[in-house]
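Peer 1: run-v2.cif is reproduced in full below (mmCIF, N, CA, C and O atoms and all ligand atoms).
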data_start
loop_
_atom_site.label_atom_id
_atom_site.label_comp_id
_atom_site.auth_asym_id
_atom_site.auth_seq_id
_atom_site.Cartn_x
_atom_site.Cartn_y
_atom_site.Cartn_z
N MET A 1199 -29.10 -35.38 -21.38
CA MET A 1199 -29.43 -36.31 -20.30
C MET A 1199 -28.20 -36.57 -19.41
O MET A 1199 -28.28 -36.52 -18.21
N LEU A 1200 -27.05 -36.84 -20.06
CA LEU A 1200 -25.82 -37.13 -19.32
C LEU A 1200 -25.37 -35.90 -18.53
O LEU A 1200 -24.90 -36.01 -17.40
N ILE A 1201 -25.53 -34.71 -19.14
CA ILE A 1201 -25.13 -33.47 -18.46
C ILE A 1201 -25.99 -33.28 -17.21
O ILE A 1201 -25.48 -32.92 -16.15
N LEU A 1202 -27.30 -33.53 -17.34
CA LEU A 1202 -28.21 -33.38 -16.21
C LEU A 1202 -27.81 -34.34 -15.08
O LEU A 1202 -27.78 -33.97 -13.92
N ALA A 1203 -27.46 -35.58 -15.45
CA ALA A 1203 -27.04 -36.57 -14.46
C ALA A 1203 -25.76 -36.11 -13.77
O ALA A 1203 -25.60 -36.27 -12.56
N ALA A 1204 -24.84 -35.51 -14.54
CA ALA A 1204 -23.59 -35.02 -13.97
C ALA A 1204 -23.87 -33.90 -12.97
O ALA A 1204 -23.25 -33.84 -11.90
N VAL A 1205 -24.82 -33.01 -13.32
CA VAL A 1205 -25.18 -31.90 -12.41
C VAL A 1205 -25.73 -32.46 -11.10
O VAL A 1205 -25.35 -32.01 -10.01
N VAL A 1206 -26.58 -33.47 -11.19
CA VAL A 1206 -27.14 -34.09 -9.98
C VAL A 1206 -26.02 -34.73 -9.16
O VAL A 1206 -25.99 -34.60 -7.94
N LEU A 1207 -25.08 -35.38 -9.84
CA LEU A 1207 -23.97 -36.03 -9.16
C LEU A 1207 -23.13 -35.00 -8.42
O LEU A 1207 -22.76 -35.19 -7.25
N VAL A 1208 -22.85 -33.87 -9.07
CA VAL A 1208 -22.07 -32.79 -8.44
C VAL A 1208 -22.82 -32.27 -7.22
O VAL A 1208 -22.22 -32.00 -6.18
N THR A 1209 -24.15 -32.14 -7.34
CA THR A 1209 -24.97 -31.67 -6.22
C THR A 1209 -24.86 -32.62 -5.04
O THR A 1209 -24.71 -32.21 -3.90
N VAL A 1210 -24.90 -33.92 -5.33
CA VAL A 1210 -24.79 -34.93 -4.26
C VAL A 1210 -23.43 -34.81 -3.57
O VAL A 1210 -23.34 -34.84 -2.34
N VAL A 1211 -22.37 -34.66 -4.36
CA VAL A 1211 -21.02 -34.54 -3.80
C VAL A 1211 -20.93 -33.28 -2.95
O VAL A 1211 -20.37 -33.29 -1.85
N ALA A 1212 -21.52 -32.19 -3.44
CA ALA A 1212 -21.49 -30.93 -2.69
C ALA A 1212 -22.23 -31.07 -1.36
O ALA A 1212 -21.75 -30.60 -0.32
N TYR A 1213 -23.38 -31.74 -1.40
CA TYR A 1213 -24.15 -31.97 -0.18
C TYR A 1213 -23.33 -32.80 0.81
O TYR A 1213 -23.29 -32.52 2.01
N ASN A 1214 -22.66 -33.84 0.29
CA ASN A 1214 -21.85 -34.70 1.15
C ASN A 1214 -20.72 -33.90 1.79
O ASN A 1214 -20.44 -34.06 2.98
N SER A 1215 -20.06 -33.05 1.01
CA SER A 1215 -18.96 -32.23 1.53
C SER A 1215 -19.48 -31.29 2.62
O SER A 1215 -18.85 -31.13 3.67
N TRP A 1216 -20.63 -30.67 2.34
CA TRP A 1216 -21.23 -29.74 3.30
C TRP A 1216 -21.59 -30.48 4.59
O TRP A 1216 -21.33 -30.01 5.70
N LEU A 1217 -22.19 -31.66 4.43
CA LEU A 1217 -22.57 -32.46 5.59
C LEU A 1217 -21.34 -32.83 6.41
O LEU A 1217 -21.35 -32.76 7.64
N TYR A 1218 -20.25 -33.19 5.74
CA TYR A 1218 -19.02 -33.56 6.42
C TYR A 1218 -18.47 -32.37 7.19
O TYR A 1218 -18.10 -32.48 8.36
N CYS A 1219 -18.45 -31.20 6.55
CA CYS A 1219 -17.96 -29.98 7.19
C CYS A 1219 -18.80 -29.65 8.40
O CYS A 1219 -18.30 -29.31 9.46
N TRP A 1220 -20.14 -29.74 8.23
CA TRP A 1220 -21.07 -29.44 9.32
C TRP A 1220 -20.78 -30.36 10.51
O TRP A 1220 -20.74 -29.95 11.66
N GLY A 1221 -20.57 -31.65 10.21
CA GLY A 1221 -20.27 -32.61 11.26
C GLY A 1221 -19.00 -32.26 12.00
O GLY A 1221 -18.91 -32.41 13.22
N ARG A 1222 -17.99 -31.77 11.28
CA ARG A 1222 -16.72 -31.41 11.90
C ARG A 1222 -16.87 -30.15 12.75
O ARG A 1222 -16.30 -30.05 13.84
N CYS A 1223 -17.64 -29.19 12.24
CA CYS A 1223 -17.74 -27.89 12.89
C CYS A 1223 -18.59 -27.96 14.17
O CYS A 1223 -18.37 -27.19 15.09
N THR A 1224 -19.59 -28.86 14.19
CA THR A 1224 -20.49 -28.92 15.34
C THR A 1224 -20.36 -30.28 16.03
O THR A 1224 -21.33 -30.82 16.52
N LEU A 1225 -19.14 -30.81 16.03
CA LEU A 1225 -18.92 -32.13 16.62
C LEU A 1225 -19.19 -32.13 18.11
O LEU A 1225 -19.61 -33.14 18.68
N GLU A 1226 -19.02 -30.97 18.77
CA GLU A 1226 -19.22 -30.89 20.22
C GLU A 1226 -20.69 -30.84 20.61
O GLU A 1226 -21.03 -30.98 21.77
N ASN A 1227 -21.59 -30.64 19.64
CA ASN A 1227 -23.02 -30.56 19.94
C ASN A 1227 -23.79 -31.49 19.00
O ASN A 1227 -24.39 -31.07 18.03
N LEU A 1228 -23.77 -32.79 19.30
CA LEU A 1228 -24.35 -33.78 18.40
C LEU A 1228 -25.87 -33.74 18.38
O LEU A 1228 -26.51 -34.14 17.41
N THR A 1229 -26.50 -33.25 19.48
CA THR A 1229 -27.96 -33.24 19.54
C THR A 1229 -28.55 -32.25 18.52
O THR A 1229 -29.60 -32.49 17.94
N ARG A 1230 -27.84 -31.13 18.28
CA ARG A 1230 -28.34 -30.14 17.31
C ARG A 1230 -27.97 -30.53 15.88
O ARG A 1230 -28.50 -29.98 14.94
N LEU A 1231 -27.04 -31.47 15.75
CA LEU A 1231 -26.62 -31.90 14.42
C LEU A 1231 -27.64 -32.83 13.77
O LEU A 1231 -27.76 -32.87 12.56
N SER A 1232 -28.43 -33.53 14.62
CA SER A 1232 -29.27 -34.59 14.09
C SER A 1232 -30.32 -34.08 13.09
O SER A 1232 -30.54 -34.71 12.06
N LEU A 1233 -30.96 -32.94 13.37
CA LEU A 1233 -32.03 -32.48 12.49
C LEU A 1233 -31.51 -32.01 11.13
O LEU A 1233 -31.93 -32.53 10.10
N PRO A 1234 -30.59 -31.03 11.07
CA PRO A 1234 -30.08 -30.61 9.75
C PRO A 1234 -29.35 -31.73 9.03
O PRO A 1234 -29.44 -31.86 7.81
N GLY A 1235 -28.65 -32.57 9.80
CA GLY A 1235 -27.96 -33.71 9.20
C GLY A 1235 -28.94 -34.66 8.54
O GLY A 1235 -28.73 -35.14 7.43
N GLY A 1236 -30.07 -34.92 9.24
CA GLY A 1236 -31.09 -35.81 8.69
C GLY A 1236 -31.72 -35.21 7.45
O GLY A 1236 -31.96 -35.92 6.46
N LEU A 1237 -31.97 -33.90 7.47
CA LEU A 1237 -32.55 -33.23 6.29
C LEU A 1237 -31.60 -33.34 5.10
O LEU A 1237 -32.02 -33.58 3.97
N LEU A 1238 -30.29 -33.16 5.37
CA LEU A 1238 -29.31 -33.25 4.29
C LEU A 1238 -29.24 -34.67 3.74
O LEU A 1238 -29.14 -34.87 2.53
N LEU A 1239 -29.33 -35.65 4.64
CA LEU A 1239 -29.32 -37.04 4.19
C LEU A 1239 -30.56 -37.34 3.34
O LEU A 1239 -30.48 -38.04 2.33
N ALA A 1240 -31.72 -36.77 3.75
CA ALA A 1240 -32.94 -36.95 2.98
C ALA A 1240 -32.78 -36.32 1.60
O ALA A 1240 -33.18 -36.89 0.58
N GLY A 1241 -32.16 -35.13 1.56
CA GLY A 1241 -31.88 -34.47 0.27
C GLY A 1241 -30.98 -35.33 -0.59
O GLY A 1241 -31.19 -35.45 -1.80
N ASN A 1242 -29.99 -35.94 0.03
CA ASN A 1242 -29.10 -36.85 -0.70
C ASN A 1242 -29.88 -38.02 -1.28
O ASN A 1242 -29.66 -38.42 -2.42
N GLY A 1243 -30.79 -38.58 -0.49
CA GLY A 1243 -31.59 -39.71 -0.95
C GLY A 1243 -32.44 -39.32 -2.16
O GLY A 1243 -32.49 -40.06 -3.14
N VAL A 1244 -33.07 -38.14 -2.11
CA VAL A 1244 -33.90 -37.67 -3.23
C VAL A 1244 -33.03 -37.47 -4.47
O VAL A 1244 -33.38 -37.89 -5.58
N ALA A 1245 -31.85 -36.83 -4.27
CA ALA A 1245 -30.94 -36.59 -5.40
C ALA A 1245 -30.48 -37.91 -6.01
O ALA A 1245 -30.41 -38.06 -7.23
N LEU A 1246 -30.21 -38.89 -5.16
CA LEU A 1246 -29.77 -40.21 -5.63
C LEU A 1246 -30.88 -40.89 -6.42
O LEU A 1246 -30.65 -41.50 -7.47
N ALA A 1247 -32.14 -40.76 -5.91
CA ALA A 1247 -33.28 -41.35 -6.61
C ALA A 1247 -33.44 -40.72 -7.99
O ALA A 1247 -33.68 -41.42 -8.98
N ILE A 1248 -33.27 -39.38 -8.08
CA ILE A 1248 -33.37 -38.69 -9.37
C ILE A 1248 -32.26 -39.19 -10.30
O ILE A 1248 -32.49 -39.44 -11.49
N LEU A 1249 -31.05 -39.34 -9.76
CA LEU A 1249 -29.91 -39.80 -10.55
C LEU A 1249 -30.17 -41.20 -11.11
O LEU A 1249 -29.95 -41.46 -12.30
N ILE A 1250 -30.70 -42.09 -10.26
CA ILE A 1250 -31.00 -43.45 -10.71
C ILE A 1250 -32.09 -43.42 -11.78
O ILE A 1250 -32.00 -44.10 -12.79
N PHE A 1251 -33.11 -42.58 -11.57
CA PHE A 1251 -34.20 -42.46 -12.54
C PHE A 1251 -33.65 -41.98 -13.88
O PHE A 1251 -33.99 -42.50 -14.94
N LEU A 1252 -32.75 -40.97 -13.85
CA LEU A 1252 -32.17 -40.44 -15.08
C LEU A 1252 -31.31 -41.49 -15.77
O LEU A 1252 -31.24 -41.55 -16.99
N LYS A 1253 -30.64 -42.34 -14.98
CA LYS A 1253 -29.81 -43.39 -15.57
C LYS A 1253 -30.68 -44.49 -16.18
O LYS A 1253 -30.29 -45.12 -17.15
N MET A 1254 -31.87 -44.72 -15.61
CA MET A 1254 -32.75 -45.77 -16.11
C MET A 1254 -33.43 -45.33 -17.40
O MET A 1254 -33.67 -46.15 -18.28
N ALA A 1255 -33.78 -44.04 -17.52
CA ALA A 1255 -34.56 -43.55 -18.65
C ALA A 1255 -33.92 -43.84 -20.01
O ALA A 1255 -34.61 -44.36 -20.89
N PRO A 1256 -32.64 -43.52 -20.25
CA PRO A 1256 -32.05 -43.81 -21.56
C PRO A 1256 -32.04 -45.29 -21.88
O PRO A 1256 -32.23 -45.68 -23.03
N THR A 1257 -31.87 -46.15 -20.88
CA THR A 1257 -31.87 -47.60 -21.09
C THR A 1257 -33.23 -48.03 -21.62
O THR A 1257 -33.33 -48.88 -22.50
N HIS A 1258 -34.31 -47.42 -21.07
CA HIS A 1258 -35.65 -47.77 -21.51
C HIS A 1258 -35.85 -47.37 -22.97
O HIS A 1258 -36.45 -48.09 -23.74
N ARG A 1259 -35.32 -46.22 -23.37
CA ARG A 1259 -35.49 -45.75 -24.74
C ARG A 1259 -34.74 -46.66 -25.72
O ARG A 1259 -35.18 -46.86 -26.84
N LEU A 1260 -33.59 -47.20 -25.30
CA LEU A 1260 -32.83 -48.08 -26.17
C LEU A 1260 -33.57 -49.38 -26.42
O LEU A 1260 -33.32 -50.08 -27.39
N ALA A 1261 -34.53 -49.73 -25.51
CA ALA A 1261 -35.26 -50.98 -25.63
C ALA A 1261 -36.41 -50.87 -26.64
O ALA A 1261 -37.10 -51.84 -26.88
N LEU A 1262 -36.62 -49.68 -27.22
CA LEU A 1262 -37.70 -49.51 -28.19
C LEU A 1262 -37.46 -50.40 -29.40
O LEU A 1262 -36.31 -50.61 -29.82
N PRO A 1263 -38.54 -50.94 -29.98
CA PRO A 1263 -38.38 -51.75 -31.20
C PRO A 1263 -37.87 -50.88 -32.35
O PRO A 1263 -38.13 -49.67 -32.39
N ARG A 1264 -37.16 -51.51 -33.26
CA ARG A 1264 -36.59 -50.77 -34.38
C ARG A 1264 -37.11 -51.31 -35.71
O ARG A 1264 -37.36 -52.50 -35.85
N CYS A 1265 -37.24 -50.41 -36.67
CA CYS A 1265 -37.58 -50.80 -38.04
C CYS A 1265 -36.39 -51.54 -38.64
O CYS A 1265 -35.27 -51.46 -38.14
N ARG A 1266 -36.64 -52.24 -39.74
CA ARG A 1266 -35.54 -52.98 -40.38
C ARG A 1266 -34.49 -52.02 -40.96
O ARG A 1266 -33.36 -52.44 -41.23
N CYS A 1267 -34.85 -50.72 -41.10
CA CYS A 1267 -33.87 -49.74 -41.57
C CYS A 1267 -33.05 -49.18 -40.41
O CYS A 1267 -32.12 -48.42 -40.62
N GLY A 1268 -33.39 -49.54 -39.14
CA GLY A 1268 -32.59 -49.15 -37.99
C GLY A 1268 -33.15 -47.97 -37.21
O GLY A 1268 -32.61 -47.60 -36.17
N VAL A 1269 -34.27 -47.37 -37.67
CA VAL A 1269 -34.85 -46.23 -36.98
C VAL A 1269 -35.73 -46.72 -35.82
O VAL A 1269 -36.51 -47.66 -36.00
N PRO A 1270 -35.59 -46.14 -34.60
CA PRO A 1270 -36.46 -46.53 -33.48
C PRO A 1270 -37.92 -46.23 -33.80
O PRO A 1270 -38.24 -45.18 -34.35
N ILE A 1271 -38.80 -47.17 -33.45
CA ILE A 1271 -40.22 -47.06 -33.79
C ILE A 1271 -41.00 -46.63 -32.56
O ILE A 1271 -40.89 -47.24 -31.50
N GLU A 1272 -41.81 -45.56 -32.72
CA GLU A 1272 -42.71 -45.15 -31.64
C GLU A 1272 -43.93 -46.08 -31.64
O GLU A 1272 -44.27 -46.68 -32.66
N GLU A 1273 -44.60 -46.15 -30.45
CA GLU A 1273 -45.69 -47.11 -30.30
C GLU A 1273 -46.85 -46.86 -31.25
O GLU A 1273 -47.47 -47.80 -31.74
N ASP A 1274 -47.13 -45.59 -31.54
CA ASP A 1274 -48.33 -45.29 -32.34
C ASP A 1274 -48.03 -45.17 -33.84
O ASP A 1274 -48.90 -44.79 -34.61
N TRP A 1275 -46.82 -45.53 -34.24
CA TRP A 1275 -46.48 -45.45 -35.68
C TRP A 1275 -47.13 -46.60 -36.43
O TRP A 1275 -47.06 -47.75 -36.01
N ARG A 1276 -47.77 -46.27 -37.58
CA ARG A 1276 -48.35 -47.32 -38.43
C ARG A 1276 -47.36 -47.69 -39.53
O ARG A 1276 -47.42 -48.79 -40.08
N PHE A 1277 -46.51 -46.74 -39.90
CA PHE A 1277 -45.45 -47.04 -40.87
C PHE A 1277 -44.21 -46.25 -40.50
O PHE A 1277 -44.28 -45.25 -39.78
N CYS A 1278 -43.07 -46.70 -40.96
CA CYS A 1278 -41.81 -46.07 -40.62
C CYS A 1278 -41.72 -44.69 -41.28
O CYS A 1278 -41.96 -44.56 -42.48
N GLY A 1279 -41.40 -43.67 -40.46
CA GLY A 1279 -41.29 -42.32 -40.99
C GLY A 1279 -40.02 -42.12 -41.80
O GLY A 1279 -39.87 -41.10 -42.48
N HIS A 1280 -39.09 -43.07 -41.75
CA HIS A 1280 -37.81 -42.94 -42.44
C HIS A 1280 -37.84 -43.63 -43.80
O HIS A 1280 -37.54 -43.01 -44.82
N CYS A 1281 -38.21 -44.91 -43.80
CA CYS A 1281 -38.18 -45.67 -45.06
C CYS A 1281 -39.57 -45.98 -45.59
O CYS A 1281 -39.71 -46.49 -46.69
N GLY A 1282 -40.64 -45.69 -44.77
CA GLY A 1282 -42.00 -45.91 -45.25
C GLY A 1282 -42.49 -47.34 -45.14
O GLY A 1282 -43.56 -47.66 -45.63
N ALA A 1283 -41.73 -48.22 -44.46
CA ALA A 1283 -42.12 -49.62 -44.33
C ALA A 1283 -43.39 -49.73 -43.49
O ALA A 1283 -43.58 -48.99 -42.52
N ASP A 1284 -44.27 -50.67 -43.82
CA ASP A 1284 -45.50 -50.92 -43.08
C ASP A 1284 -45.16 -51.57 -41.74
O ASP A 1284 -44.48 -52.60 -41.71
N LEU A 1285 -45.62 -50.98 -40.62
CA LEU A 1285 -45.26 -51.49 -39.30
C LEU A 1285 -46.43 -52.15 -38.59
O LEU A 1285 -46.34 -52.49 -37.42
N LYS A 1286 -47.57 -52.35 -39.30
CA LYS A 1286 -48.71 -53.00 -38.66
C LYS A 1286 -48.36 -54.43 -38.30
O LYS A 1286 -47.73 -55.14 -39.08
N LYS A 1287 -48.77 -54.85 -37.09
CA LYS A 1287 -48.36 -56.16 -36.58
C LYS A 1287 -48.89 -57.31 -37.45
O LYS A 1287 -48.26 -58.34 -37.59
N ASP A 1288 -50.10 -57.12 -38.05
CA ASP A 1288 -50.67 -58.21 -38.83
C ASP A 1288 -50.22 -58.17 -40.29
O ASP A 1288 -50.67 -58.98 -41.09
N ALA A 1289 -49.36 -57.25 -40.64
CA ALA A 1289 -48.94 -57.14 -42.04
C ALA A 1289 -47.84 -58.16 -42.36
O ALA A 1289 -47.06 -58.49 -41.50
ZN ZN B 1 -37.73 -47.91 -41.59
#
Give the structure from this file in structure tokens form.

Peer 2:
Amino acid sequence: MLILAAVVLVTVVAYNSWLYCWGRCTLENLTRLSLPGGLLLAGNGVALAILIFLKMAPTHRLALPRCRCGVPIEEDWRFCGHCGADLKKDA
């Protein structure tokens, strides 16, 4: 998960560098810069959204309830697969 987030981060940095270079190279023609620049910014936004989603996902998994033995409990478990404790709510 962390490696995937790092790859996305590197992609965002690469896009930013490319966008900066493009801006420098075509500074004399700003009207033609607007379309590819906007597309690159949109790509950055999508990449950032994916990065935020990837950062949120592990936090959600840590919020899972845990058995008294410390093993994370899945929603459909009736008993702990590690220690065999009964996990029914009315038990
Ligand atoms: Zn357990």

Peer 1: In chain A, what's strand (DSSP E or B) per DSSP? Answer as a list in words?

Peer 2: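 Here are the strand (DSSP E or B) residues of chain A: Arg1264, Pro1270, Phe1277 and Asp1284 of chain A.
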
Peer 1: For A:Leu1202, find every residue with an atom within 8 Å (counting only N, CA, C and O atoms), except residues of its own chain fewer than 6 positions away, and show them as a PyMOL selection string.

Peer 2: chain A and resi 1208-1209+1248-1249+1252

Peer 1: When you count only N, CA, C and O atoms and all ligand atoms, which of these residues is closest to ligand ZN 1 (chain B): A:Leu1285, A:Val1269, A:Ala1255, A:Leu1239?

Peer 2: A:Val1269

Peer 1: Enumerate as a list in words the residues within 6 Å of ligand ZN 1 (chain B), counting only N, CA, C and O atoms and all ligand atoms.

Peer 2: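 So, counting only N, CA, C and O atoms and all ligand atoms, the residues near ligand ZN 1 (chain B) are Cys1265, Arg1266, Cys1267, Gly1268, Val1269, Cys1278, Gly1279, His1280, Cys1281, Gly1282 and Ala1283 of chain A.
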
Peer 1: Using only N, CA, C and O atoms, which residues sit within 8 Å of A:Pro1234 once same-chain residues fewer than 6 positions away are excluded, as a PyMOL selection string?

Peer 2: chain A and resi 1217+1240-1241

Peer 1: Put those residues in a file: N, CA, C and O atoms, as a short mmCIF file (atom, residue, chain, number, x, y, z; two decimals), in the coordinates of the input.

Peer 2:
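The file below, selection.cif, is the result:
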data_model
loop_
_atom_site.label_atom_id
_atom_site.label_comp_id
_atom_site.auth_asym_id
_atom_site.auth_seq_id
_atom_site.Cartn_x
_atom_site.Cartn_y
_atom_site.Cartn_z
N LEU A 1217 -22.19 -31.66 4.43
CA LEU A 1217 -22.57 -32.46 5.59
C LEU A 1217 -21.34 -32.83 6.41
O LEU A 1217 -21.35 -32.76 7.64
N ALA A 1240 -31.72 -36.77 3.75
CA ALA A 1240 -32.94 -36.95 2.98
C ALA A 1240 -32.78 -36.32 1.60
O ALA A 1240 -33.18 -36.89 0.58
N GLY A 1241 -32.16 -35.13 1.56
CA GLY A 1241 -31.88 -34.47 0.27
C GLY A 1241 -30.98 -35.33 -0.59
O GLY A 1241 -31.19 -35.45 -1.80
#

Peer 1: Mind checking which residues fall within 12 Å of A:Ala1261, counting only C-alpha atoms, ignoring those fewer than 6 positions away in the same chain, and posting them as a PyMOL selection string?

Peer 2: chain A and resi 1254-1255+1270-1272

Peer 1: Atom CA of A:Ala1245 and atom CA of A:Leu1207 are how many Å apart?

Peer 2: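 About the pair atom CA of A:Ala1245 and atom CA of A:Leu1207: they are 7.9 Å apart.
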